[in-house]
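Asks: After the structure tokens below, expect a handful of questions from me.
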Amino acid sequence: MAFEFIKKLTLPPLPGIFSFSGKRSFVGIDIGFSSVKVVQLRKENERAILETYGELRTSPYLKNVDGNGIGSGFLRFRDSDIIEMLTDILREGNVTTNQAVLAVPSVSSFVTSVELPTKDPDEIARAVPFEARRYIPIPISEIALNWQIIDGGETPEPAAKTKVLLVAVPKDVVNKFERIVKGLNLTLAGLEIETFSLVRSLVGHDKTITALINYGAQSTTVTIVDGGVVMLSHNIDRGSNELTSALARGLGIAPERAEAFKTEVGLSDRPEDREITSVMSPLVEILISEIERILASYNRKTERRIERIILTGGGSRVKGLIDHTAKRFGLETIQVNPFSRVTYPPFMQQILKDIGPSFAVAVGLALRNITPQ
């Protein structure tokens, strides 16, 4: 089965031109290192209606490493353990649809841009597989490859150049997802790299050149988005669990208490919080410095410079991180609530805002077959 890992965002049709009277639901399933999230949305009259959502810790389930395990994170664990975990969250979350869209972790994919010395569409199509061999560190026969023109390509000009985004996922990873979905008796309505789901739920069609920083438990992904198009995606092997472990060791406290300190105290400048911040600040600075290097490198190579930063992921809930990032980069730094793109009862507004950073991928997945493309 072939999967379209890149699904271009396009402007929605003008009101009144198209009418969709049918109702259909999709569940986005985001399996992270520390928890799995699900969001079920229903398409109704061009709106995405929130039907249910849920989150479940992975630690009670992911204990048995598969002898033929692939990659990192949850992918290295047995299919049966993952299926048991997803069965429980789908049941506890009252998920009713069998149409599932799942996220491929950024660390298990390859996303890079290349420049080709042509604007001819046929020449580009022929050149992409050869260029992929130069940038992707595994044999081309072992990957599922997608690509998208991100600059130029409209008018054939032999001397012109075209920038192309290459996206590849190992076939072993694709096969594992297919086995999991089959074991759940679901229909695989889509398989998408989590970076593109984040862009859909947090950036959409906004033309602002944005650095989208996803602080995960194990790793951090930095994505540059221009006009809704991914221009660059880079993984950093540092995540928010590093802060939790350091606090637990340094203060001699339980991991649960360390997690609470991250969100309740964070990067506080109060003297009474100095013991906590002295543990966290050096680690945050190391990560910020790496992000700074990535953003500076991008700005040097393009005339259209980064204008703002969006923080997301569970790690972005560290208290004070937004202000700290804004001061460090001198850019507008915000969190965007992914649920703002869906319809839900007003009384749920505060709780969905609170949990939004952790559910951005799952919302984007569920929107994939609902948002006009």
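Here, A, B, ... name the chains of the structure tokens in the order displayed, residue numbers run from 1 inside each chain, and ligands are numbered from 1 in the same displayed order.
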Quick one: which range 72-179 of chain A residues come within 10 Å of range 362-366 of chain A, and what is the nearest atom pair for each with the distance in Å to one decimal, counting only C-alpha atoms, rows ordered by chain and ascending number, as JSON lines?
Replies:
```
{"residue": "A:Gln99", "atom": "CA", "partner": "A:Ala366", "partner_atom": "CA", "distance": 9.4}
{"residue": "A:Ala100", "atom": "CA", "partner": "A:Ala366", "partner_atom": "CA", "distance": 7.9}
{"residue": "A:Val101", "atom": "CA", "partner": "A:Leu365", "partner_atom": "CA", "distance": 5.7}
{"residue": "A:Leu102", "atom": "CA", "partner": "A:Leu365", "partner_atom": "CA", "distance": 6.7}
{"residue": "A:Ala103", "atom": "CA", "partner": "A:Leu365", "partner_atom": "CA", "distance": 7.1}
```
Asks: Take the residues that were just selected and, keeping C-alpha atoms, output them as a PDB file, in the first residue's frame.
Replies:
```pdb
ATOM      1  CA  GLN A  99     -11.077   5.290  10.173  1.00  0.00           C
ATOM      2  CA  ALA A 100      -7.632   5.843  11.732  1.00  0.00           C
ATOM      3  CA  VAL A 101      -4.807   8.210  10.840  1.00  0.00           C
ATOM      4  CA  LEU A 102      -1.496   7.536  12.599  1.00  0.00           C
ATOM      5  CA  ALA A 103       1.680   9.550  13.070  1.00  0.00           C
TER       6      ALA A 103
END
```
Asks: Find the spatial neighbours of Ser281 in chain A, counting only C-alpha atoms, within a cut-off of 12 Å - ignore same-chain residues fewer than 2 positions away - and output them as a list in words.
Replies: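 Returned residues: Glu242, Leu243, Ala246, Leu247, Lys262, Val265, Gly266, Leu267, Ser268, Asp269, Asp273, Arg274, Glu275, Ile276, Thr277, Ser278, Val279, Leu283, Val284, Glu285, Ile286, Leu287, Ile288, Val318, Lys319, Gly320, Leu321 and His324 of chain A.
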Asks: How about saving the chosen residues, N, CA and C atoms kept, as a compact mmCIF listing (two decimals), in the first residue's frame?
Replies:
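So result.txt came out as:
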```
# COMPACT_ATOMS: atom_id res chain seq x y z
N GLU A 242 14.60 14.68 29.96
CA GLU A 242 15.93 15.00 30.48
C GLU A 242 15.82 15.92 31.69
N LEU A 243 14.90 16.87 31.64
CA LEU A 243 14.68 17.78 32.76
C LEU A 243 14.11 17.03 33.96
N ALA A 246 16.84 14.91 35.59
CA ALA A 246 17.81 15.74 36.30
C ALA A 246 17.25 16.27 37.61
N LEU A 247 16.00 16.68 37.59
CA LEU A 247 15.36 17.17 38.82
C LEU A 247 15.22 16.06 39.84
N LYS A 262 8.39 21.07 36.96
CA LYS A 262 8.60 21.62 35.62
C LYS A 262 7.51 22.59 35.23
N VAL A 265 6.93 25.44 38.62
CA VAL A 265 8.03 26.34 38.94
C VAL A 265 8.80 26.72 37.67
N GLY A 266 9.22 25.71 36.93
CA GLY A 266 9.87 25.95 35.65
C GLY A 266 11.10 26.81 35.75
N LEU A 267 11.14 27.88 34.96
CA LEU A 267 12.30 28.78 34.90
C LEU A 267 12.07 30.03 35.73
N SER A 268 11.46 29.86 36.87
CA SER A 268 11.16 30.97 37.78
C SER A 268 12.43 31.73 38.17
N ASP A 269 12.31 33.03 38.34
CA ASP A 269 13.45 33.83 38.81
C ASP A 269 13.33 34.21 40.28
N ASP A 273 13.01 29.64 44.47
CA ASP A 273 12.96 28.56 43.48
C ASP A 273 14.34 28.27 42.88
N ARG A 274 15.37 28.89 43.42
CA ARG A 274 16.69 28.79 42.81
C ARG A 274 17.21 27.35 42.75
N GLU A 275 16.90 26.56 43.75
CA GLU A 275 17.39 25.18 43.76
C GLU A 275 16.86 24.39 42.57
N ILE A 276 15.61 24.65 42.22
CA ILE A 276 14.99 23.96 41.09
C ILE A 276 15.51 24.50 39.77
N THR A 277 15.54 25.82 39.63
CA THR A 277 15.96 26.41 38.36
C THR A 277 17.45 26.18 38.08
N SER A 278 18.24 26.04 39.13
CA SER A 278 19.67 25.80 38.90
C SER A 278 19.93 24.44 38.25
N VAL A 279 18.99 23.52 38.44
CA VAL A 279 19.09 22.21 37.79
C VAL A 279 18.59 22.29 36.35
N LEU A 283 20.34 22.84 31.26
CA LEU A 283 19.86 21.92 30.24
C LEU A 283 19.00 22.65 29.21
N VAL A 284 18.19 23.58 29.68
CA VAL A 284 17.38 24.38 28.75
C VAL A 284 18.28 25.20 27.84
N GLU A 285 19.35 25.76 28.40
CA GLU A 285 20.27 26.58 27.60
C GLU A 285 20.98 25.77 26.53
N ILE A 286 21.33 24.54 26.83
CA ILE A 286 21.97 23.68 25.83
C ILE A 286 21.02 23.46 24.65
N LEU A 287 19.76 23.18 24.96
CA LEU A 287 18.77 22.94 23.90
C LEU A 287 18.50 24.22 23.11
N ILE A 288 18.34 25.34 23.82
CA ILE A 288 18.09 26.62 23.15
C ILE A 288 19.24 26.98 22.21
N VAL A 318 6.58 23.82 30.25
CA VAL A 318 7.48 24.28 31.31
C VAL A 318 7.20 25.75 31.59
N LYS A 319 6.94 26.09 32.82
CA LYS A 319 6.58 27.46 33.16
C LYS A 319 7.74 28.41 32.84
N GLY A 320 7.40 29.49 32.15
CA GLY A 320 8.40 30.50 31.83
C GLY A 320 9.14 30.27 30.53
N LEU A 321 8.93 29.11 29.88
CA LEU A 321 9.68 28.79 28.67
C LEU A 321 9.33 29.72 27.51
N HIS A 324 11.08 33.05 28.12
CA HIS A 324 12.52 32.85 28.00
C HIS A 324 12.92 32.74 26.53
```
Asks: Name the closest residue to Lys119 in chain A among the candidates A:Ala189, A:Met348, A:Val65, A:Val164; distances are taken between atoms, counting only C-alpha atoms.
Replies: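 For Lys119 in chain A, the nearest of the candidates is A:Val164.
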Asks: If you count only C-alpha atoms, which residues fall within 9 Å of Thr244 in chain A, apart from same-chain ones fewer than 2 positions away, as a list in words?
Replies: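 The residues that qualify are Ser240, Asn241, Glu242, Ala246, Leu247, Ala248, Arg249, Pro255, Glu256, Arg257, Ala258, Glu259, Phe261, Lys262 and Met280 of chain A.
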Asks: With only C-alpha atoms as the basis for distance, which of A:Ser109, A:Ser358, A:Ser219, A:Asn94 is at the shortest distance from Ile70 in chain A?
Replies: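 Closest residue, counting only C-alpha atoms: A:Ser109.
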Asks: Where does range 32-52 of chain A meet range 338-341 of chain A within 9 Å, residue by residue, with the nearest atom pair and distance in Å to one decimal for each, counting only C-alpha atoms, listed by chain and rising number, as CSV?
Replies:
```
residue,atom,partner,partner_atom,distance
A:Arg47,CA,A:Arg341,CA,8.9
A:Ala48,CA,A:Arg341,CA,7.6
A:Leu50,CA,A:Phe339,CA,8.4
```
Asks: So that I can check the surroundings of Leu295 in chain A, please list as a list in words every protein, DNA and RNA residue that reaches within 10 Å of it, counting only C-alpha atoms and ignoring chain neighbours fewer than 4 positions away.
Replies: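 Skipping anything fewer than 4 positions along the chain leaves Ala211, Val222, Thr223, Ile224, Leu232, Ser289, Glu290, Ile291, Asn299, Arg300, Arg305, Ile306 and Phe329 of chain A.
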Asks: List as a list in words the protein and nucleic acid residues near Phe110 in chain A, meaning an atom at most 8 Å away when only C-alpha atoms are counted, but skip any in the same chain fewer than 4 places from it.
Replies: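 That gives Ser106, Ile136, Leu166, Val167, Ala168 and Val169 of chain A.
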Asks: I want to know what sits within 9 Å of Ile49 in chain A, based on only C-alpha atoms, with residues of the same chain fewer than 4 positions away left out; could you give that as a tab-separated table (two decimals) with N, CA and C atoms, in the first residue's frame?
Replies:
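Saved to around29.tsv:
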```tsv
chain	number	residue	atom	x	y	z
A	25	SER	N	-16.35	10.35	10.42
A	25	SER	CA	-15.45	10.58	11.55
A	25	SER	C	-14.10	9.92	11.31
A	40	GLN	N	-10.88	12.12	18.12
A	40	GLN	CA	-11.84	11.76	17.08
A	40	GLN	C	-12.63	13.00	16.68
A	41	LEU	N	-12.60	13.28	15.37
A	41	LEU	CA	-13.33	14.42	14.81
A	41	LEU	C	-14.33	13.93	13.77
A	42	ARG	N	-15.43	14.65	13.66
A	42	ARG	CA	-16.45	14.35	12.66
A	42	ARG	C	-16.55	15.49	11.67
A	43	LYS	N	-16.55	15.15	10.39
A	43	LYS	CA	-16.73	16.16	9.35
A	43	LYS	C	-18.21	16.39	9.13
A	44	GLU	N	-18.63	17.63	9.27
A	44	GLU	CA	-20.04	17.96	9.11
A	44	GLU	C	-20.16	19.37	8.54
A	342	VAL	N	-11.23	23.29	15.61
A	342	VAL	CA	-12.37	22.38	15.62
A	342	VAL	C	-13.49	22.99	16.45
A	343	THR	N	-14.69	22.43	16.30
A	343	THR	CA	-15.87	22.90	17.03
A	343	THR	C	-16.10	22.00	18.25
A	344	TYR	N	-16.33	22.63	19.41
A	344	TYR	CA	-16.55	21.87	20.64
A	344	TYR	C	-17.43	22.70	21.58
```
